[in-house]
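Structure first, then comments.
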Amino acid sequence: MTLDEIVRELNLSVRSCGADLSRDVLGAYASDLLSDVMAHAEKGFLWITLQIHQNIVAVAVLKDLAGIVIVNNREPDAGTLSKADEERVPIVVTDLPTFEIAGRLYQLGLRGQVRC
Amino acid sequence: MKEFRADLHIHTCLSPCGSLAMVPGVIVEETLRKGLDVIGICDHNATENVIAVRKAAEKEKIPVLGGMEITSQEEVHILALFDNDESLSEMQRIVYENLPGTNDERAFGEQVIVNEEDRVVGLNDRLLIGATRLSLEAIVEAIHSLGGLAIASHIDRESFGIVGQLGFVPEGLALDALEVSPRSSVANAHAAFPQASGFPLVTFSDAHYPEDIGNRWTGFLIEDIRTVEMKWALQAQQGRRAFVSE
């Protein structure tokens, strides 16, 4: 499933411009600790977080994530958006809290573990 | 007793997020321009540029406290400041023992080690932006056992500030002070952050760019620049006093 399809299904709002939404999303990971995401998120995953500062883009680049979903209607900082545009990292926002958006992504078929 | 204007939270080009212009010569020049009496060098989880800045500052007789901005496992930033190099290097050893990962320059930025002549002498390849495996309590305890000052960074910032990450200051955490960043008023900080009540407040620049150095400072009325004197000042003991700029 592509990020584009997910955005349409769940009515998410895209915040970064020029990012590639046609990429296949391979799974998802939810966490607000950057070090935890660096340790456990997988390539091609969607990352669900409430963090809005620009280090989230750096982590997404490092882990080659498919994109970042910011929860609770929080808006990314201006610096975060410009860095996301520069690095072509998709950032989308939702008014749903983490548990809800994770549940809906799960219903769409995304899973959080690629290794057993 | 003398009054010292102190900006004790300055990054160098060693911090991945620090400007590459933050080399010793530039830091010293800006320190003079801003009329500071003492500075502290606190890069993220690393100390390799402390000696270079101190050597560059010696010519201008500006004292430099060695320090580090340590990231706890809760991803809270704590300033650790020392007045002797043995303690600083022991603290560095503890941090490195507990700091996993390798830096990715493209994602996080370069981590440049320089000498006192602003020449590049190496790169730090550890993941300095990352979090240590040390708890807040363990970090504060280690700093104090080595005679240093433990100050919670930028409590008014949501990211990596103790209030932003935890929502409160854990009971019994023996911080010497809480830092308010240049983005907030110190006068209003106790009202804006009731969690800070009972702690002395300081304010420093958290400079990542040269022009930011000295934008905020804390004044210490003390005998000399030792951490014990600063602790007294923060607690208004022994006739010492601390006061903040706005």
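Ligands are numbered from 1 in the order shown, residues from 1 within each chain, and chains are lettered A, B, ... in the order they appear in the structure tokens.
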
Show me which bits of chain B are within 8 Å of chain A, counting only C-alpha atoms, as a ChimeraX atom specification. /B:74-75,104,107-108,130-131,159

Could you take the residues named above and write them with N, CA and C atoms, as a tab-separated table (two decimals), in the first residue's frame?
```tsv
chain	number	residue	atom	x	y	z
B	74	GLU	N	15.67	9.14	29.02
B	74	GLU	CA	14.34	9.72	28.82
B	74	GLU	C	14.37	10.79	27.73
B	75	GLU	N	15.54	11.00	27.13
B	75	GLU	CA	15.77	12.05	26.12
B	75	GLU	C	15.54	13.44	26.72
B	104	ASP	N	25.60	9.60	11.54
B	104	ASP	CA	25.40	9.69	10.10
B	104	ASP	C	25.43	11.17	9.77
B	107	ALA	N	22.52	12.81	7.91
B	107	ALA	CA	21.26	12.99	8.64
B	107	ALA	C	21.38	14.03	9.75
B	108	PHE	N	22.48	13.98	10.51
B	108	PHE	CA	22.53	14.77	11.73
B	108	PHE	C	23.54	15.92	11.69
B	130	GLY	N	22.38	11.14	19.85
B	130	GLY	CA	21.60	10.04	20.45
B	130	GLY	C	21.48	10.16	21.97
B	131	ALA	N	20.72	9.22	22.53
B	131	ALA	CA	20.50	9.21	23.98
B	131	ALA	C	21.42	8.19	24.64
B	159	SER	N	10.97	19.97	23.19
B	159	SER	CA	11.82	18.85	22.85
B	159	SER	C	13.07	18.83	23.72
```

I want to know what sits within 10 Å of B:Gln165, based on only C-alpha atoms, with residues of the same chain fewer than 2 positions away left out; could you give that as a list in words? Asp32 and Leu33 of chain A; Glu74, Glu75, Val76, His77, Ile155, Arg157, Glu158, Ser159, Phe160, Gly161, Ile162, Val163, Gly167, Phe168 and Val169 of chain B

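By chain and then residue number, the residues within 6 Å of B:Val112 are Cys13, Leu14 and Leu123 of chain B, counting only C-alpha atoms and disregarding those fewer than 4 positions away in sequence.
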
Next, dump the selected residues to file, keeping only N, CA and C atoms, as a compact mmCIF listing (two decimals), in the first residue's frame.
```txt
# COMPACT_ATOMS: atom_id res chain seq x y z
N CYS B 13 31.45 23.44 17.05
CA CYS B 13 31.27 22.68 15.81
C CYS B 13 31.32 21.16 16.05
N LEU B 14 31.59 20.75 17.29
CA LEU B 14 31.57 19.33 17.61
C LEU B 14 30.14 18.80 17.69
N LEU B 123 37.35 14.04 13.37
CA LEU B 123 35.90 13.97 13.44
C LEU B 123 35.52 12.97 14.53
```

Show which residues sit within 7 Å of A:Arg111, as number ranges by chain. Count only C-alpha atoms, and ignore same-chain residues fewer than 2 positions away. A: 27-28, 106, 109, 113

For the selection you just gave me, I'd like the residues written to a file as a PDB file, in the first residue's frame, keeping N, CA and C atoms.
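Done, and the output landed in result_39.pdb:
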```pdb
ATOM      1  N   GLY A  27       5.279  -1.047   6.684  1.00  0.00           N
ATOM      2  CA  GLY A  27       4.862  -1.323   8.060  1.00  0.00           C
ATOM      3  C   GLY A  27       4.814  -0.013   8.803  1.00  0.00           C
ATOM      4  N   ALA A  28       4.612  -0.067  10.118  1.00  0.00           N
ATOM      5  CA  ALA A  28       4.561   1.177  10.890  1.00  0.00           C
ATOM      6  C   ALA A  28       5.155   0.962  12.270  1.00  0.00           C
ATOM      7  N   TYR A 106      -3.459  -0.414  11.171  1.00  0.00           N
ATOM      8  CA  TYR A 106      -3.464  -1.877  11.312  1.00  0.00           C
ATOM      9  C   TYR A 106      -4.628  -2.467  10.521  1.00  0.00           C
ATOM     10  N   GLY A 109      -4.084  -2.998   7.063  1.00  0.00           N
ATOM     11  CA  GLY A 109      -3.193  -4.110   6.728  1.00  0.00           C
ATOM     12  C   GLY A 109      -1.732  -3.896   7.090  1.00  0.00           C
ATOM     13  N   GLN A 113       5.871  -5.491  12.659  1.00  0.00           N
ATOM     14  CA  GLN A 113       7.032  -6.338  12.816  1.00  0.00           C
ATOM     15  C   GLN A 113       7.307  -7.060  11.514  1.00  0.00           C
TER      16      GLN A 113
END
```

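Neighbours of A:Pro76 closer than or equal to 10 Å, with only C-alpha atoms counted and sequence neighbours fewer than 4 positions away skipped, come out as Arg15, Ser16, Leu50, Gln51, Ile52, His53, Gln54, Ile56, Ile70, Thr80, Leu81, Ser82, Ala84, Ile91, Val92 and Val93 of chain A.
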
Any chance you can output those residues with C-alpha atoms as a tab-separated table (two decimals), in the first residue's frame?
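Everything below was put into result-v8.tsv:
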```tsv
chain	number	residue	atom	x	y	z
A	15	ARG	CA	2.29	18.98	5.26
A	16	SER	CA	5.56	18.64	3.34
A	50	LEU	CA	3.78	13.47	18.53
A	51	GLN	CA	7.25	15.01	18.18
A	52	ILE	CA	7.35	18.02	15.86
A	53	HIS	CA	10.98	19.21	16.01
A	54	GLN	CA	13.36	18.87	13.10
A	56	ILE	CA	12.42	13.73	13.43
A	70	ILE	CA	2.14	13.51	13.48
A	80	THR	CA	10.96	20.69	10.46
A	81	LEU	CA	8.94	21.38	7.32
A	82	SER	CA	11.77	23.07	5.46
A	84	ALA	CA	11.46	17.68	5.29
A	91	ILE	CA	5.09	14.49	6.77
A	92	VAL	CA	1.36	14.08	7.31
A	93	VAL	CA	-0.77	15.13	10.26
```

Compile the contact shell of B:Ile151 as a PyMOL selection string: residues with an atom at most 9 Å away, counting only C-alpha atoms, same-chain residues fewer than 4 positions apart removed. chain B and resi 77-81+140+175-179+202

Within stretch 69-110 of chain B, find each residue whose DSSP state, derived from the backbone, is strand (DSSP E), and express the selection as a PDB file with N, CA and C atoms, in the first residue's frame.
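Once everything was written out, this is result.pdb:
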```
ATOM      1  N   GLU B  69      26.453  18.567  27.405  1.00  0.00           N
ATOM      2  CA  GLU B  69      25.000  18.487  27.522  1.00  0.00           C
ATOM      3  C   GLU B  69      24.638  17.023  27.305  1.00  0.00           C
ATOM      4  N   ILE B  70      24.366  16.354  28.414  1.00  0.00           N
ATOM      5  CA  ILE B  70      24.172  14.900  28.372  1.00  0.00           C
ATOM      6  C   ILE B  70      22.706  14.578  28.091  1.00  0.00           C
ATOM      7  N   THR B  71      22.474  13.596  27.214  1.00  0.00           N
ATOM      8  CA  THR B  71      21.108  13.158  26.915  1.00  0.00           C
ATOM      9  C   THR B  71      20.797  11.910  27.733  1.00  0.00           C
ATOM     10  N   HIS B  77      17.764  16.649  28.300  1.00  0.00           N
ATOM     11  CA  HIS B  77      19.120  17.202  28.283  1.00  0.00           C
ATOM     12  C   HIS B  77      19.514  17.755  29.654  1.00  0.00           C
ATOM     13  N   ILE B  78      20.693  17.363  30.114  1.00  0.00           N
ATOM     14  CA  ILE B  78      21.222  17.832  31.396  1.00  0.00           C
ATOM     15  C   ILE B  78      22.607  18.432  31.162  1.00  0.00           C
ATOM     16  N   LEU B  79      22.802  19.657  31.616  1.00  0.00           N
ATOM     17  CA  LEU B  79      24.133  20.268  31.541  1.00  0.00           C
ATOM     18  C   LEU B  79      24.970  19.758  32.703  1.00  0.00           C
ATOM     19  N   ALA B  80      26.185  19.326  32.387  1.00  0.00           N
ATOM     20  CA  ALA B  80      27.139  18.895  33.413  1.00  0.00           C
ATOM     21  C   ALA B  80      28.351  19.808  33.289  1.00  0.00           C
ATOM     22  N   LEU B  81      28.642  20.567  34.329  1.00  0.00           N
ATOM     23  CA  LEU B  81      29.749  21.529  34.271  1.00  0.00           C
ATOM     24  C   LEU B  81      30.760  21.244  35.376  1.00  0.00           C
ATOM     25  N   PHE B  82      32.035  21.295  35.013  1.00  0.00           N
ATOM     26  CA  PHE B  82      33.092  20.944  35.965  1.00  0.00           C
ATOM     27  C   PHE B  82      34.181  22.005  35.975  1.00  0.00           C
TER      28      PHE B  82
END
```

Name the residues of chain A that fall into helix (DSSP H, G or I) according to DSSP on the backbone, using the chain letters and numbers of this document, as a PyMOL selection string. chain A and resi 3-10+34-40+55-63+78-87+98-107
